[in-house]
Amino acid sequence: CSRTCTELATGLAARAKHRKLTSIAATDTRSYLATPACTGFVKCNIDAAIFHAEKMVGMGARICDEGGNFIAAITANVDTVMTAAEGEAWSLYQGMQWIVTLGYNKVIFELDCKMVVDDVNNMRLNLSEYVSIIQDSLTL
């Protein structure tokens, strides 16, 4: 696990030196239950839900320790219309803001939206509301 976490954290850790969050990794959640957080890290699993008829986006996040034990959870929603990628990016931003308030600085963020994960890790950005949410997340 430590090699995997080190590889995941490397990309964003360099960009996070000036931020409160010193080691951040974003990854796919397909193996979430099978892989506990690495030693010294907590894992924050984040997901979004899009409610088109209600014009609302919801999110949920939970934190587990390196043993997979539950620490805390949060939910939030906003009355707006977003694409799935925007909703996932907004959820990541909300989750990262929450993590900052809790004082954690060694966090593995897990999402199920590969596009957001790749864009966060590779800084592949374009001019859109989605990108502004990703950029806001990277400033935390």
# chains A, B, ... in the order shown; residues from 1 in each chain; ligands from 1

$ residues_around --residues "Tyr104 of chain A" --least-positions-apart "2" --cutoff "9 Å" --atoms "only C-alpha atoms" --output "MDAnalysis selection string"
chainID A and resid 20:21 41:42 99:102 106:107

$ write_last_selection --atoms "all heavy atoms" --output "compact mmCIF listing (two decimals), in the first residue's frame"
# COMPACT_ATOMS: atom_id res chain seq x y z
N LYS A 20 -2.35 24.19 2.93
CA LYS A 20 -2.51 23.51 4.21
C LYS A 20 -2.49 22.00 4.05
O LYS A 20 -2.05 21.28 4.93
CB LYS A 20 -3.82 23.93 4.87
CG LYS A 20 -3.83 25.38 5.29
CD LYS A 20 -5.16 25.75 5.89
CE LYS A 20 -5.19 27.23 6.19
NZ LYS A 20 -6.48 27.67 6.68
N LEU A 21 -3.01 21.50 2.94
CA LEU A 21 -3.01 20.06 2.67
C LEU A 21 -1.68 19.70 2.04
O LEU A 21 -1.42 20.06 0.91
CB LEU A 21 -4.16 19.69 1.74
CG LEU A 21 -5.56 19.95 2.27
CD1 LEU A 21 -6.60 19.70 1.19
CD2 LEU A 21 -5.85 19.10 3.48
N PHE A 41 -2.04 8.20 6.73
CA PHE A 41 -3.03 8.87 5.89
C PHE A 41 -4.44 8.52 6.36
O PHE A 41 -4.66 7.48 6.96
CB PHE A 41 -2.91 8.42 4.43
CG PHE A 41 -1.79 9.04 3.66
CD1 PHE A 41 -0.49 8.61 3.84
CD2 PHE A 41 -2.03 10.06 2.76
CE1 PHE A 41 0.55 9.16 3.13
CE2 PHE A 41 -1.00 10.63 2.03
CZ PHE A 41 0.30 10.18 2.22
N VAL A 42 -5.38 9.40 6.06
CA VAL A 42 -6.80 9.05 6.13
C VAL A 42 -7.31 9.02 4.70
O VAL A 42 -6.71 9.60 3.80
CB VAL A 42 -7.63 10.05 6.99
CG1 VAL A 42 -7.19 10.01 8.43
CG2 VAL A 42 -7.58 11.45 6.42
N ILE A 99 -12.26 18.78 4.90
CA ILE A 99 -11.03 18.18 5.42
C ILE A 99 -10.13 19.25 6.03
O ILE A 99 -9.53 19.05 7.09
CB ILE A 99 -10.29 17.42 4.29
CG1 ILE A 99 -11.02 16.13 3.93
CG2 ILE A 99 -8.83 17.15 4.65
CD1 ILE A 99 -10.95 15.04 4.96
N VAL A 100 -10.02 20.40 5.37
CA VAL A 100 -9.20 21.50 5.89
C VAL A 100 -9.71 21.93 7.26
O VAL A 100 -8.93 22.13 8.20
CB VAL A 100 -9.18 22.69 4.91
CG1 VAL A 100 -8.61 23.94 5.56
CG2 VAL A 100 -8.37 22.33 3.67
N THR A 101 -11.04 22.06 7.41
CA THR A 101 -11.58 22.50 8.70
C THR A 101 -11.34 21.48 9.80
O THR A 101 -11.26 21.84 10.97
CB THR A 101 -13.10 22.80 8.62
OG1 THR A 101 -13.81 21.59 8.33
CG2 THR A 101 -13.40 23.86 7.58
N LEU A 102 -11.21 20.20 9.42
CA LEU A 102 -10.95 19.15 10.41
C LEU A 102 -9.47 19.04 10.77
O LEU A 102 -9.12 18.36 11.73
CB LEU A 102 -11.47 17.80 9.91
CG LEU A 102 -12.97 17.69 9.71
CD1 LEU A 102 -13.33 16.33 9.13
CD2 LEU A 102 -13.72 17.93 11.02
N LYS A 106 -2.78 14.79 5.56
CA LYS A 106 -2.32 13.64 4.77
C LYS A 106 -3.56 12.84 4.40
O LYS A 106 -4.02 12.00 5.15
CB LYS A 106 -1.32 12.81 5.57
CG LYS A 106 -0.03 13.57 5.85
CD LYS A 106 0.91 12.78 6.71
CE LYS A 106 1.79 11.94 5.81
NZ LYS A 106 2.78 11.16 6.60
N VAL A 107 -4.09 13.15 3.22
CA VAL A 107 -5.40 12.65 2.82
C VAL A 107 -5.33 12.04 1.42
O VAL A 107 -4.74 12.63 0.52
CB VAL A 107 -6.46 13.78 2.83
CG1 VAL A 107 -7.82 13.25 2.44
CG2 VAL A 107 -6.49 14.49 4.16

$ closest_residue --among "A:Ile63, A:Met82, A:Val117, A:Ile74" --to "Ala49 of chain A" --atoms "only C-alpha atoms"
A:Met82

$ residues_around --residues "segment 66-68 of chain A" --least-positions-apart "2" --cutoff "8 Å" --atoms "only C-alpha atoms" --output "PDB file with N, CA and C atoms, in the first residue's frame"
ATOM      1  N   PRO A  36      -7.171  -0.231   2.335  1.00  0.00           N
ATOM      2  CA  PRO A  36      -7.227   0.765   3.405  1.00  0.00           C
ATOM      3  C   PRO A  36      -6.258   1.908   3.107  1.00  0.00           C
ATOM      4  N   ALA A  37      -6.392   2.988   3.840  1.00  0.00           N
ATOM      5  CA  ALA A  37      -5.466   4.110   3.686  1.00  0.00           C
ATOM      6  C   ALA A  37      -4.073   3.663   4.107  1.00  0.00           C
ATOM      7  N   CYS A  38      -3.078   4.308   3.573  1.00  0.00           N
ATOM      8  CA  CYS A  38      -1.700   4.005   3.930  1.00  0.00           C
ATOM      9  C   CYS A  38      -1.384   4.553   5.313  1.00  0.00           C
ATOM     10  N   THR A  39      -0.337   4.038   5.915  1.00  0.00           N
ATOM     11  CA  THR A  39       0.068   4.468   7.246  1.00  0.00           C
ATOM     12  C   THR A  39       0.240   5.984   7.276  1.00  0.00           C
ATOM     13  N   GLY A  40      -0.399   6.602   8.247  1.00  0.00           N
ATOM     14  CA  GLY A  40      -0.302   8.048   8.411  1.00  0.00           C
ATOM     15  C   GLY A  40      -1.296   8.852   7.604  1.00  0.00           C
ATOM     16  N   PHE A  41      -2.044   8.195   6.729  1.00  0.00           N
ATOM     17  CA  PHE A  41      -3.033   8.873   5.890  1.00  0.00           C
ATOM     18  C   PHE A  41      -4.444   8.521   6.363  1.00  0.00           C
ATOM     19  N   VAL A  42      -5.384   9.395   6.059  1.00  0.00           N
ATOM     20  CA  VAL A  42      -6.798   9.052   6.134  1.00  0.00           C
ATOM     21  C   VAL A  42      -7.305   9.023   4.701  1.00  0.00           C
ATOM     22  N   LYS A  43      -8.402   8.322   4.487  1.00  0.00           N
ATOM     23  CA  LYS A  43      -8.993   8.220   3.163  1.00  0.00           C
ATOM     24  C   LYS A  43     -10.341   8.914   3.186  1.00  0.00           C
ATOM     25  N   CYS A  64     -12.155   7.615   6.588  1.00  0.00           N
ATOM     26  CA  CYS A  64     -11.774   6.400   7.302  1.00  0.00           C
ATOM     27  C   CYS A  64     -10.283   6.451   7.595  1.00  0.00           C
ATOM     28  N   PHE A  70     -14.376   3.981  10.359  1.00  0.00           N
ATOM     29  CA  PHE A  70     -15.106   5.223  10.112  1.00  0.00           C
ATOM     30  C   PHE A  70     -14.673   6.303  11.098  1.00  0.00           C
TER      31      PHE A  70
END
